[in-house]
>>> print(open('start27.txt').read())   # compact mmCIF, C-alpha atoms
# COMPACT_ATOMS: atom_id res chain seq x y z
CA MET A 904 146.80 131.57 129.68
CA THR A 905 144.03 132.39 127.20
CA VAL A 906 140.36 132.38 128.12
CA MET A 907 139.95 129.03 126.34
CA ASP A 908 142.90 127.55 128.23
CA ASN A 909 141.31 128.56 131.53
CA LEU A 910 137.96 127.22 130.40
CA LYS A 911 139.51 123.90 129.38
CA GLU A 912 141.41 123.56 132.66
CA SER A 913 138.22 124.20 134.60
CA PHE A 914 136.26 121.81 132.39
CA LEU A 915 138.73 118.93 132.78
CA THR A 916 138.96 119.22 136.57
CA GLN A 917 135.40 117.92 136.66
CA PHE A 918 136.67 114.47 135.63
CA GLU A 919 139.42 114.08 138.24
CA GLY A 920 139.23 110.71 139.92
CA ILE A 921 137.13 109.10 137.18
CA ASP A 922 138.59 105.82 135.92
CA SER A 923 138.50 105.03 132.21
CA PRO A 924 137.63 101.40 131.43
CA ILE A 925 140.26 101.36 128.66
CA ALA A 926 143.08 102.95 130.68
CA THR A 927 144.10 99.66 132.31
CA GLN A 928 143.76 97.47 129.19
CA PRO A 929 147.19 96.76 127.62
CA GLN A 930 145.65 96.14 124.17
CA PHE A 931 144.26 99.69 124.16
CA SER A 932 147.27 101.48 125.63
CA SER A 933 148.09 103.20 122.33
CA VAL A 934 144.48 104.34 121.87
CA PHE A 935 144.32 105.74 125.38
CA SER A 936 147.73 107.41 125.02
CA GLU A 937 146.71 109.05 121.73
CA ALA A 938 143.44 110.29 123.24
CA TRP A 939 145.18 111.61 126.35
CA THR A 940 147.78 113.46 124.27
CA MET A 941 145.06 115.07 122.20
CA LEU A 942 143.18 116.02 125.35
CA MET A 943 146.26 117.70 126.80
CA THR A 944 147.37 119.54 123.66
CA GLN A 945 144.19 120.62 121.86
CA PRO A 946 141.80 123.37 122.98
CA LEU A 947 138.12 122.94 123.58
CA PRO A 948 136.27 123.58 120.30
CA HIS A 949 135.72 127.31 119.76
CA ASN A 950 134.86 129.78 117.01
CA LYS A 951 138.44 130.38 115.84
CA LEU A 952 138.72 126.76 114.69
CA GLU A 953 137.56 126.36 111.09
CA GLU A 954 135.39 123.33 111.84
CA TRP A 955 133.63 125.22 114.67
CA ARG A 956 133.58 128.70 113.16
CA TYR A 957 129.86 129.32 113.65
CA THR A 958 129.28 126.87 116.49
CA ASN A 959 129.46 128.65 119.82
CA PHE A 960 129.61 126.11 122.64
CA SER A 961 131.01 128.57 125.21
CA GLU A 962 127.85 128.46 127.34
CA VAL A 963 128.21 124.67 127.49
CA TRP A 964 131.93 124.56 128.33
CA LYS A 965 131.58 127.00 131.25
CA GLN A 966 129.08 124.79 133.10
CA ASP A 967 130.10 122.68 136.07
CA PHE A 968 129.22 119.16 134.98
CA PHE A 969 129.18 115.93 136.92
CA GLN A 970 129.69 112.57 135.25
CA THR A 971 128.40 110.39 138.06
CA ALA A 972 124.90 110.45 139.47
CA SER A 973 122.50 108.10 141.18
CA GLN A 974 120.25 106.13 138.87
CA ASP A 975 116.56 106.75 139.54
CA ILE A 976 115.20 103.72 137.71
CA GLU A 977 111.57 104.52 138.42
CA ALA A 978 111.83 108.12 137.22
CA ALA A 979 113.48 106.86 134.05
CA ARG A 980 110.75 104.27 133.58
CA LEU A 981 108.10 106.98 133.78
CA ALA A 982 110.02 109.01 131.18
CA LEU A 983 109.93 106.27 128.54
CA PRO A 984 108.21 107.73 125.47
CA ALA A 985 104.78 106.56 124.37
CA PHE A 986 106.18 105.02 121.19
CA SER A 987 108.25 102.62 123.30
CA LYS A 988 105.03 100.65 123.87
CA LEU A 989 104.38 100.09 120.17
CA PRO A 990 104.27 96.36 119.35
CA ASN A 991 107.11 96.61 116.81
CA MET A 992 109.43 98.61 119.10
CA ASN A 993 112.44 97.09 120.87
CA ILE A 994 114.10 99.28 123.50
CA LEU A 995 117.69 99.49 124.75
CA VAL A 996 118.27 102.11 127.46
CA CYS A 997 121.31 103.94 128.78
CA LEU A 998 120.61 105.94 131.95
CA ASN A 999 123.22 108.61 132.72
CA GLY A 1000 125.57 106.86 130.32
CA GLN A 1001 125.15 103.38 131.81
CA PHE A 1002 123.36 100.53 130.04
CA VAL A 1003 120.32 99.44 132.10
CA GLN A 1004 118.99 95.97 131.38
CA GLU A 1005 116.02 96.53 133.68
CA LEU A 1006 114.62 99.29 131.46
CA SER A 1007 115.37 97.57 128.17
CA CYS A 1008 112.96 95.29 126.34
CA LEU A 1009 113.67 93.09 123.32
CA HIS A 1010 111.13 90.77 121.77
CA ALA A 1011 112.29 87.17 121.55
CA ASP A 1012 112.50 87.13 117.74
CA VAL A 1013 114.66 90.28 117.76
CA ARG A 1014 116.83 89.05 120.62
CA ALA A 1015 117.61 85.94 118.56
CA CYS A 1016 119.18 88.16 115.88
CA LEU A 1017 121.53 90.06 118.18
CA GLN A 1018 124.49 89.71 120.47
CA ILE A 1019 124.56 92.64 122.90
CA LYS A 1020 126.98 93.48 125.68
CA PRO A 1021 127.47 96.60 127.79
CA MET A 1022 130.55 98.45 126.62
CA ARG A 1023 132.43 98.04 129.90
CA GLU A 1024 132.09 94.28 129.57
CA ALA A 1025 132.73 94.14 125.83
CA ILE A 1026 136.07 95.94 126.18
CA HIS A 1027 137.43 92.76 127.77
CA THR A 1028 135.89 90.29 125.31
CA GLU A 1029 135.32 91.95 121.92
CA THR A 1030 138.80 93.25 121.17
CA ASP A 1031 138.50 92.30 117.48
CA LEU A 1032 135.78 94.90 117.05
CA PHE A 1033 137.66 97.59 118.93
CA LYS A 1034 140.75 97.17 116.79
CA GLN A 1035 138.66 98.24 113.77
CA HIS A 1036 137.45 101.44 115.40
CA LYS A 1037 140.05 104.02 116.41
CA GLN A 1038 138.68 107.37 115.22
CA LEU A 1039 140.26 110.06 117.40
CA ASN A 1040 140.42 113.02 115.05
CA THR A 1041 138.44 115.50 117.19
CA LEU A 1042 138.63 116.55 120.81
CA PRO A 1043 135.08 115.36 121.68
CA LEU A 1044 136.13 111.90 120.46
CA ALA A 1045 139.25 112.03 122.63
CA ILE A 1046 137.24 113.13 125.68
CA ASN A 1047 134.88 110.23 125.10
CA ALA A 1048 137.78 107.76 124.77
CA VAL A 1049 139.41 108.91 128.00
CA TYR A 1050 136.25 109.28 130.10
CA LEU A 1051 133.72 106.98 128.43
CA GLN A 1052 131.16 105.48 130.76
CA ASP A 1053 129.36 102.64 128.99
CA GLY A 1054 127.26 102.08 125.91
CA LEU A 1055 126.48 99.08 123.77
CA CYS A 1056 128.57 96.67 121.77
CA MET A 1057 126.16 95.00 119.38
CA ARG A 1058 126.55 92.36 116.70
CA VAL A 1059 123.61 91.95 114.33
CA MET A 1060 123.90 88.34 113.19
CA LYS A 1061 120.57 87.96 111.34
CA THR A 1062 118.09 90.25 109.64
CA LEU A 1063 115.62 91.75 112.09
CA PRO A 1064 111.96 90.71 111.65
CA LYS A 1065 109.95 92.76 109.17
CA GLY A 1066 108.64 95.99 110.71
CA ALA A 1067 110.79 95.71 113.86
CA ILE A 1068 112.53 98.87 115.08
CA LEU A 1069 115.51 98.73 117.43
CA CYS A 1070 115.43 101.89 119.56
CA PHE A 1071 118.35 103.24 121.63
CA LEU A 1072 117.26 105.65 124.36
CA ASN A 1073 119.67 107.91 126.23
CA ILE A 1074 117.91 109.00 129.42
CA ILE A 1075 119.78 111.74 131.28
CA ASP A 1076 118.77 112.62 134.84
CA ALA A 1077 119.69 116.26 135.42
CA THR A 1078 117.21 116.67 138.27
CA ALA A 1079 119.78 117.23 141.01
CA GLN A 1080 122.75 118.71 139.13
CA ASN A 1081 124.33 119.44 135.76
CA ILE A 1082 125.41 116.19 134.18
CA MET A 1083 127.56 115.04 131.27
CA VAL A 1084 127.18 111.54 129.85
CA GLN A 1085 129.55 109.82 127.44
CA PRO A 1086 128.28 106.57 125.95
CA ARG A 1087 130.17 104.82 123.19
CA HIS A 1088 128.53 102.35 120.84
CA LEU A 1089 130.08 99.76 118.53
CA TRP A 1090 127.59 98.17 116.17
CA HIS A 1091 128.63 95.45 113.74
CA PHE A 1092 126.28 94.16 111.03
CA ALA A 1093 127.06 90.76 109.55
CA ALA A 1094 126.89 90.28 105.79
CA ASN A 1095 123.44 90.19 104.19
CA THR A 1096 121.63 91.49 107.28
CA GLN A 1097 118.99 94.23 107.50
CA ALA A 1098 117.97 96.41 110.44
CA VAL A 1099 116.05 99.57 111.33
CA LEU A 1100 117.58 101.69 114.14
CA LEU A 1101 116.18 104.67 116.04
CA GLU A 1102 117.92 106.90 118.61
CA LYS A 1103 116.45 109.44 121.00
CA THR A 1104 117.67 111.35 124.07
CA ILE A 1105 115.38 112.30 126.95
CA THR A 1106 116.51 114.63 129.75
CA LEU A 1107 114.87 114.77 133.17
CA GLY A 1108 115.11 117.91 135.31
CA GLU A 1109 115.93 121.50 134.48
CA ASN A 1110 119.72 121.59 134.94
CA HIS A 1111 122.25 121.65 132.11
CA SER A 1112 123.11 118.35 130.45
CA LEU A 1113 125.66 117.38 127.82
CA LEU A 1114 125.58 114.18 125.79
CA ASN A 1115 128.96 113.44 124.18
CA GLN A 1116 128.23 110.27 122.24
CA VAL A 1117 130.36 108.27 119.81
CA SER A 1118 128.72 105.65 117.58
CA GLU A 1119 130.80 103.47 115.28
CA ILE A 1120 129.08 101.22 112.76
CA ARG A 1121 130.62 98.63 110.49
CA ALA A 1122 128.33 97.18 107.83
CA GLU A 1123 129.60 94.09 106.04
CA GLN A 1124 128.78 93.18 102.43
CA ASN A 1125 125.18 93.46 101.17
CA THR A 1126 123.77 94.93 104.37
CA PHE A 1127 120.79 97.30 104.42
CA ILE A 1128 120.67 99.64 107.41
CA GLN A 1129 118.20 102.39 108.23
CA HIS A 1130 119.26 104.71 111.04
CA ALA A 1131 117.25 107.64 112.40
CA ILE A 1132 118.07 110.08 115.22
CA ILE A 1133 115.46 112.30 116.90
CA GLN A 1134 116.82 115.30 118.82
CA ASP A 1135 114.05 116.98 120.78
CA ASP A 1136 115.36 117.89 124.21
CA LYS A 1137 115.13 120.67 126.78
CA GLU A 1138 116.45 124.21 126.41
CA LYS A 1139 119.46 123.54 128.66
CA SER A 1140 120.33 120.23 127.03
CA SER A 1141 123.23 119.96 124.57
CA GLN A 1142 124.51 117.15 122.39
CA ILE A 1143 127.67 116.28 120.50
CA THR A 1144 127.10 113.15 118.43
CA SER A 1145 129.95 111.62 116.42
CA THR A 1146 128.70 108.88 114.10
CA HIS A 1147 131.21 106.97 111.96
CA ILE A 1148 129.95 104.52 109.36
CA HIS A 1149 132.15 102.07 107.45
CA LEU A 1150 130.36 100.38 104.53
CA GLU A 1151 131.79 97.28 102.94
CA LYS A 1152 131.07 96.22 99.34
CA SER A 1153 127.44 96.68 98.19
CA ALA A 1154 126.23 97.89 101.59
CA ASN A 1155 123.27 100.29 101.71
CA TYR A 1156 122.87 102.88 104.48
CA HIS A 1157 120.00 105.35 105.04
CA HIS A 1158 120.55 108.02 107.70
CA THR A 1159 117.98 110.58 108.90
CA THR A 1160 118.47 113.17 111.65
CA LEU A 1161 115.54 115.24 112.95
CA THR A 1162 116.46 118.14 115.25
CA PHE A 1163 113.82 120.24 117.02
CA ASN A 1164 114.91 121.51 120.44
CA GLY A 1165 117.99 121.85 122.64
CA LEU A 1166 120.59 124.41 123.60
CA CYS A 1167 123.56 123.45 121.38
CA VAL A 1168 123.50 120.43 119.07
CA ARG A 1169 126.52 119.31 117.04
CA ASN A 1170 126.19 116.30 114.72
CA ASP A 1171 129.30 114.89 113.03
CA LEU A 1172 128.37 112.23 110.47
CA TYR A 1173 131.13 110.44 108.55
CA VAL A 1174 130.31 107.74 106.00
CA ARG A 1175 133.04 105.77 104.21
CA LEU A 1176 131.81 104.03 101.07
CA SER A 1177 133.44 100.98 99.56
CA GLU A 1178 132.75 99.58 96.08
CA ARG A 1179 129.10 99.61 94.90
CA CYS A 1180 127.81 101.09 98.16
CA GLU A 1181 124.90 103.48 98.50
CA ALA A 1182 124.55 106.06 101.28
CA PHE A 1183 121.59 108.37 101.78
CA MET A 1184 122.27 111.12 104.32
CA ASN A 1185 119.19 113.16 105.21
CA GLY A 1186 118.47 115.75 107.85
CA LEU A 1187 115.70 118.10 108.93
CA TYR A 1188 116.06 120.81 111.58
CA VAL A 1189 113.01 122.77 112.77
CA THR A 1190 114.22 125.20 115.43
CA LYS A 1191 113.08 128.19 117.46
CA GLY A 1192 114.17 130.13 120.54
CA ARG A 1193 117.97 130.13 120.85
CA THR A 1194 118.59 126.59 119.72
CA LEU A 1195 121.81 126.06 117.75
CA VAL A 1196 122.14 123.04 115.49
CA ASP A 1197 125.28 122.22 113.48
CA ASN A 1198 125.31 119.35 111.00
CA HIS A 1199 128.79 118.43 109.71
CA THR A 1200 128.80 115.58 107.20
CA VAL A 1201 131.41 113.77 105.13
CA ALA A 1202 130.68 111.30 102.32
CA ASP A 1203 134.06 109.63 101.79
CA HIS A 1204 134.12 107.75 98.49
CA ALA A 1205 137.07 105.42 98.90
CA GLU A 1206 136.32 102.90 96.12
CA PRO A 1207 134.67 102.98 92.67
CA ASN A 1208 131.04 102.64 91.58
CA ALA A 1209 129.47 104.02 94.75
CA GLN A 1210 126.68 106.56 95.21
CA SER A 1211 125.88 109.06 97.94
CA ASN A 1212 122.83 111.31 98.03
CA GLU A 1213 122.48 113.97 100.71
CA LEU A 1214 119.55 116.27 101.49
CA TYR A 1215 119.41 118.54 104.55
CA LYS A 1216 116.59 121.04 105.08
CA GLY A 1217 116.09 123.67 107.77
CA ILE A 1218 113.13 125.67 109.09
CA LEU A 1219 114.46 128.32 111.47
CA ASN A 1220 112.48 130.65 113.73
CA GLY A 1221 113.14 132.94 116.70
CA HIS A 1222 116.84 133.53 117.42
CA SER A 1223 117.85 129.99 116.43
CA THR A 1224 120.97 129.23 114.41
CA GLY A 1225 121.54 126.54 111.82
CA ILE A 1226 124.87 125.39 110.39
CA PHE A 1227 125.35 122.93 107.56
CA ASN A 1228 128.83 121.90 106.45
CA GLY A 1229 128.75 119.00 104.03
CA LYS A 1230 131.74 117.54 102.23
CA ILE A 1231 131.90 115.08 99.36
CA PHE A 1232 135.38 113.54 99.24
CA VAL A 1233 136.21 111.39 96.20
CA ARG A 1234 139.52 109.53 96.42
CA GLU A 1235 141.75 108.87 93.42
CA ASP A 1236 140.63 105.26 92.95
CA ALA A 1237 136.93 106.04 93.31
CA GLN A 1238 136.04 106.22 89.61
CA LYS A 1239 132.39 106.05 88.51
CA THR A 1240 131.30 107.87 91.67
CA ASN A 1241 127.89 109.55 91.78
CA ALA A 1242 127.55 112.02 94.65
CA TYR A 1243 124.88 114.64 95.21
CA GLN A 1244 124.35 117.11 98.02
CA ASN A 1245 121.68 119.75 98.67
CA ASN A 1246 120.92 122.07 101.58
CA ARG A 1247 117.75 124.17 101.59
CA ASN A 1248 116.48 126.51 104.31
CA ILE A 1249 113.42 128.57 105.15
CA MET A 1250 113.82 131.52 107.52
CA LEU A 1251 110.68 132.37 109.51
CA SER A 1252 112.28 135.13 111.59
CA PRO A 1253 114.61 138.05 110.76
CA THR A 1254 116.67 137.16 113.85
CA ALA A 1255 117.29 133.53 112.86
CA GLN A 1256 120.64 132.70 111.23
CA ILE A 1257 121.88 130.07 108.81
CA TYR A 1258 125.46 129.30 107.72
CA THR A 1259 125.83 126.77 104.94
CA LYS A 1260 128.98 125.43 103.30
CA PRO A 1261 128.72 122.59 100.78
CA GLN A 1262 132.11 121.27 99.64
CA LEU A 1263 133.55 119.03 96.94
CA GLU A 1264 137.04 117.52 97.00
CA ILE A 1265 137.51 115.29 93.97
CA TRP A 1266 140.67 113.39 93.04
CA ALA A 1267 139.14 111.11 90.38
CA ASP A 1268 138.18 112.18 86.86
CA ASP A 1269 135.28 109.88 85.88
CA VAL A 1270 132.65 111.06 88.37
CA LYS A 1271 129.29 112.84 88.59
CA CYS A 1272 129.18 115.16 91.60
CA SER A 1273 127.09 118.20 92.41
CA HIS A 1274 126.10 120.32 95.37
CA GLY A 1275 123.85 123.29 96.03
CA THR A 1276 122.21 125.41 98.67
CA THR A 1277 119.25 127.81 98.89
CA THR A 1278 117.93 130.03 101.68
CA GLY A 1279 114.82 132.20 101.69
CA ALA A 1280 111.59 133.18 103.40
CA LEU A 1281 108.32 131.26 103.16
CA ASP A 1282 106.69 131.95 99.81
CA THR A 1283 103.80 134.42 100.26
CA GLU A 1284 101.87 133.46 97.10
CA PRO A 1285 100.76 129.96 98.18
CA MET A 1286 100.08 131.36 101.68
CA PHE A 1287 97.72 133.91 100.13
CA TYR A 1288 96.11 131.18 98.02
CA LEU A 1289 95.38 128.98 101.05
CA LYS A 1290 94.10 131.85 103.21
CA ALA A 1291 91.82 132.99 100.38
CA ARG A 1292 90.13 129.61 100.59
CA GLY A 1293 89.35 129.94 104.26
CA ILE A 1294 92.34 128.14 105.76
CA PRO A 1295 93.58 129.95 108.91
CA GLU A 1296 97.08 131.41 108.68
CA ASP A 1297 98.63 129.05 111.22
CA LYS A 1298 97.20 125.99 109.45
CA ALA A 1299 98.27 127.33 106.07
CA ARG A 1300 101.80 127.87 107.32
CA ALA A 1301 101.93 124.37 108.80
CA LEU A 1302 100.79 122.87 105.48
CA LEU A 1303 103.44 124.73 103.51
CA LEU A 1304 106.20 123.86 105.94
CA ASN A 1305 105.16 120.23 105.95
CA ALA A 1306 105.28 120.23 102.16
CA PHE A 1307 108.79 121.73 102.31
CA ALA A 1308 109.96 118.99 104.69
CA TYR A 1309 108.08 116.21 102.92
CA ASP A 1310 110.83 114.87 100.66
CA VAL A 1311 113.28 114.42 103.57
CA LEU A 1312 110.98 111.99 105.37
CA GLU A 1313 109.70 110.48 102.14
CA ARG A 1314 113.20 109.06 101.63
CA VAL A 1315 112.85 106.77 104.66
CA PRO A 1316 112.26 103.25 103.23
CA SER A 1317 110.73 101.69 106.36
CA GLU A 1318 107.05 102.57 106.52
CA PRO A 1319 106.73 102.16 110.33
CA LEU A 1320 109.78 104.38 110.88
CA LYS A 1321 108.55 106.94 108.35
CA VAL A 1322 105.12 107.17 110.03
CA LEU A 1323 106.77 107.65 113.41
CA LEU A 1324 109.03 110.45 112.15
CA GLN A 1325 106.15 112.14 110.33
CA GLY A 1326 104.22 112.14 113.60
CA PHE A 1327 107.04 113.98 115.37
CA LEU A 1328 107.19 116.57 112.60
CA ALA A 1329 103.42 117.08 112.54
CA GLU A 1330 103.42 117.66 116.29
CA LYS A 1331 106.12 120.33 115.96
CA LEU A 1332 104.28 122.05 113.13
CA GLY A 1333 100.95 121.95 114.97
CA MET A 1334 99.29 119.72 112.41
CA ASP A 1335 96.39 117.33 112.96
CA LEU A 1336 97.03 114.06 111.17
CA ASP A 1337 93.53 112.70 111.77
>>> encode(input="start27.txt", output="structure tokens")
Amino acid sequence: MTVMDNLKESFLTQFEGIDSPIATQPQFSSVFSEAWTMLMTQPLPHNKLEEWRYTNFSEVWKQDFFQTASQDIEAARLALPAFSKLPNMNILVCLNGQFVQELSCLHADVRACLQIKPMREAIHTETDLFKQHKQLNTLPLAINAVYLQDGLCMRVMKTLPKGAILCFLNIIDATAQNIMVQPRHLWHFAANTQAVLLEKTITLGENHSLLNQVSEIRAEQNTFIQHAIIQDDKEKSSQITSTHIHLEKSANYHHTTLTFNGLCVRNDLYVRLSERCEAFMNGLYVTKGRTLVDNHTVADHAEPNAQSNELYKGILNGHSTGIFNGKIFVREDAQKTNAYQNNRNIMLSPTAQIYTKPQLEIWADDVKCSHGTTTGALDTEPMFYLKARGIPEDKARALLLNAFAYDVLERVPSEPLKVLLQGFLAEKLGMDLD
């Protein structure tokens, strides 16, 4: 057996005796069988696989993880972030992969717009949604399908009140032991609805943790969705997030991922665009230490007259590693497509690394598509200019880096969400917003 075979065998033994909620459901037998076959025949992701060439998860795979742990409700309550108390914030909490009603809080006007069920319950009652979502093209997705714990099945029936933010918190308690959590979310947006979503993971304790999360979103016609993810966890915390978006005719989707801290972070974002859809895919990673962040994106233009616009920027320091692999895929029938992609990076340390690979695959002839990438050090001329006017070097650097990151956050349409994200960035850059 190879080293990876041994590592996989050791990794999978950690889940022996854990029951999958879909394993006993006849309507999902084919899904479970497909996931199980993939789990048995494919290796754990490693550097010899093209899609994981620069993404070294070996330190994660060799850990002894547990998938069950006691739920310390009070410790989780104390860990709720300060922004959870904002008057426009509505909180839904998963603790160690399990939805916890006791820690969640929805205002009455927001609750009236939603139908929410824990995933374990929804599997029995919302089979029409599950039949639309069967993505199993990667091993992390298969692991999640076989060993998923809980998550949220949500139907957005009406537009959320103006200014309201719906926040999903993953709280992971790694105080006593290494822990792996595997929530799965299904979110369905009815036609003509609008919503602002925010996700964040918080880890308690100093042991290793791994979040293997799958989120599947279906947006019906004329929807307008804003979706932001903040990744700012501990140095032994890792994440694999697989986010699949299906946009129906004239839907509009804005996605923003901010990554700051963690051990290994892998984000797979797939957006399928139907006719006259718009998708804005934005990301900002500001890393230091030995943090690794890998953003893999696909803008799949399946029908004509759609537009995607993608901007990912990185600020890398220390021994951190950034990977960007973005693909624009234009199918044969997707004429009149406009698709743009750009990745730009600033290296603050000679030991930081960046690997960037923009891609175009175009099968239609009447399209406008472009991509590009740049990497370099912080420009010394404006730094000199600011220092010459009495601005300390650390403040001058923070100003320049904030200016570099500005246009990523400026693309966020919701003003309350934009202000919140700008506050996170300012804190990381050591800026005073007052």
>>> residues_around(input="start27.txt", residues="Val1117 in chain A", least_positions_apart="2", cutoff="9 Å", atoms="all atoms listed in the file", output="list in words")
Pro1043, Leu1044, Asn1047, Ala1048, Gln1085, Pro1086, Arg1087, His1088, Leu1089, Asn1115, Glu1119, Ile1143, Thr1144, Ser1145, Thr1146 and His1147 of chain A
>>> closest_residue(input="start27.txt", among="A:His1157, A:Lys1152, A:Arg1175, A:Lys1331", to="Glu1123 in chain A", atoms="only C-alpha atoms")
A:Lys1152
>>> atom_distance(input="start27.txt", atom1="CA of Phe1002 in chain A", atom2="CA of Lys1137 in chain A")
22.0 Å
>>> closest_residue(input="start27.txt", among="A:Phe1183, A:Phe1232, A:Trp1090, A:Trp964", to="Ser1112 in chain A", atoms="all atoms listed in the file")
A:Trp964
>>> residues_around(input="start27.txt", residues="Asn1212 in chain A", least_positions_apart="4", cutoff="9 Å", atoms="all atoms listed in the file", output="list in words")
Glu1181, Ala1182, Phe1183, Met1184, Asn1185, Ala1202, Asn1241, Ala1242, Tyr1243, Gln1244 and Asn1245 of chain A
>>> closest_residue(input="start27.txt", among="A:Glu1206, A:Asp1282, A:Glu1235, A:Glu1330", to="Phe1307 in chain A", atoms="all atoms listed in the file")
A:Asp1282
>>> residues_around(input="start27.txt", residues="Leu1150 in chain A", least_positions_apart="6", cutoff="12 Å", atoms="all atoms listed in the file", output="VMD selection string")
chain A and resid 1091 to 1094 1119 to 1128 1156 to 1157 1173 to 1182 1202 to 1206 1209 to 1211
>>> closest_atom_pairs(input="start27.txt", of="range 1104-1151 of chain A", to="range 938-960 of chain A", cutoff="12 Å", atoms="only C-alpha atoms", output="JSON lines")
{"residue": "A:Leu1113", "atom": "CA", "partner": "A:Phe960", "partner_atom": "CA", "distance": 10.9}
{"residue": "A:Ser1140", "atom": "CA", "partner": "A:Phe960", "partner_atom": "CA", "distance": 11.8}
{"residue": "A:Ser1141", "atom": "CA", "partner": "A:Phe960", "partner_atom": "CA", "distance": 9.1}
{"residue": "A:Gln1142", "atom": "CA", "partner": "A:Phe960", "partner_atom": "CA", "distance": 10.3}
{"residue": "A:Ile1143", "atom": "CA", "partner": "A:Phe960", "partner_atom": "CA", "distance": 10.2}
>>> atom_distance(input="start27.txt", atom1="CA of Arg1014 in chain A", atom2="CA of Ala1131 in chain A")
20.3 Å
>>> closest_residue(input="start27.txt", among="A:Val1270, A:Ile1249, A:Leu1187, A:Leu1017", to="Lys1061 in chain A", atoms="only C-alpha atoms")
A:Leu1017
>>> closest_residue(input="start27.txt", among="A:Val1233, A:Arg1169, A:Pro1253, A:Glu1313", to="Leu1214 in chain A", atoms="all atoms listed in the file")
A:Glu1313
>>> closest_residue(input="start27.txt", among="A:Gln1004, A:Gly1054, A:Pro1316, A:Val1049", to="Phe935 in chain A", atoms="all atoms listed in the file")
A:Val1049
>>> residues_near_point(input="start27.txt", point="(117.3, 102.9, 127.5)", cutoff="8 Å", atoms="all atoms listed in the file", output="compact mmCIF listing (two decimals) with C-alpha atoms, in the frame of the given file")
# COMPACT_ATOMS: atom_id res chain seq x y z
CA ILE A 994 114.10 99.28 123.50
CA LEU A 995 117.69 99.49 124.75
CA VAL A 996 118.27 102.11 127.46
CA CYS A 997 121.31 103.94 128.78
CA LEU A 998 120.61 105.94 131.95
CA PHE A 1002 123.36 100.53 130.04
CA VAL A 1003 120.32 99.44 132.10
CA LEU A 1006 114.62 99.29 131.46
CA SER A 1007 115.37 97.57 128.17
CA PHE A 1071 118.35 103.24 121.63
CA LEU A 1072 117.26 105.65 124.36
CA ASN A 1073 119.67 107.91 126.23
CA ILE A 1074 117.91 109.00 129.42
>>> build_atoms(input="start27.txt", residues="range 953-964 of chain A", atoms="N, CA and C atoms", output="short mmCIF file (atom, residue, chain, number, x, y, z; two decimals), keeping the file's coordinate frame")
data_model
loop_
_atom_site.label_atom_id
_atom_site.label_comp_id
_atom_site.auth_asym_id
_atom_site.auth_seq_id
_atom_site.Cartn_x
_atom_site.Cartn_y
_atom_site.Cartn_z
N GLU A 953 138.35 126.35 112.33
CA GLU A 953 137.56 126.36 111.09
C GLU A 953 136.33 125.46 111.19
N GLU A 954 136.50 124.27 111.77
CA GLU A 954 135.39 123.33 111.84
C GLU A 954 134.32 123.73 112.85
N TRP A 955 134.60 124.75 113.66
CA TRP A 955 133.63 125.22 114.67
C TRP A 955 133.40 126.72 114.52
N ARG A 956 133.60 127.25 113.34
CA ARG A 956 133.58 128.70 113.16
C ARG A 956 132.28 129.35 113.62
N TYR A 957 131.16 128.72 113.33
CA TYR A 957 129.86 129.32 113.65
C TYR A 957 129.17 128.62 114.82
N THR A 958 129.89 127.71 115.46
CA THR A 958 129.28 126.87 116.49
C THR A 958 129.79 127.28 117.86
N ASN A 959 129.04 128.10 118.54
CA ASN A 959 129.46 128.65 119.82
C ASN A 959 128.98 127.77 120.96
N PHE A 960 129.91 126.99 121.52
CA PHE A 960 129.61 126.11 122.64
C PHE A 960 130.08 126.70 123.98
N SER A 961 130.42 127.99 124.00
CA SER A 961 131.01 128.57 125.21
C SER A 961 130.09 128.45 126.42
N GLU A 962 128.78 128.59 126.21
CA GLU A 962 127.85 128.46 127.34
C GLU A 962 127.85 127.05 127.89
N VAL A 963 128.15 126.07 127.04
CA VAL A 963 128.21 124.67 127.49
C VAL A 963 129.50 124.43 128.26
N TRP A 964 130.64 124.86 127.70
CA TRP A 964 131.93 124.56 128.33
C TRP A 964 132.06 125.20 129.72
#
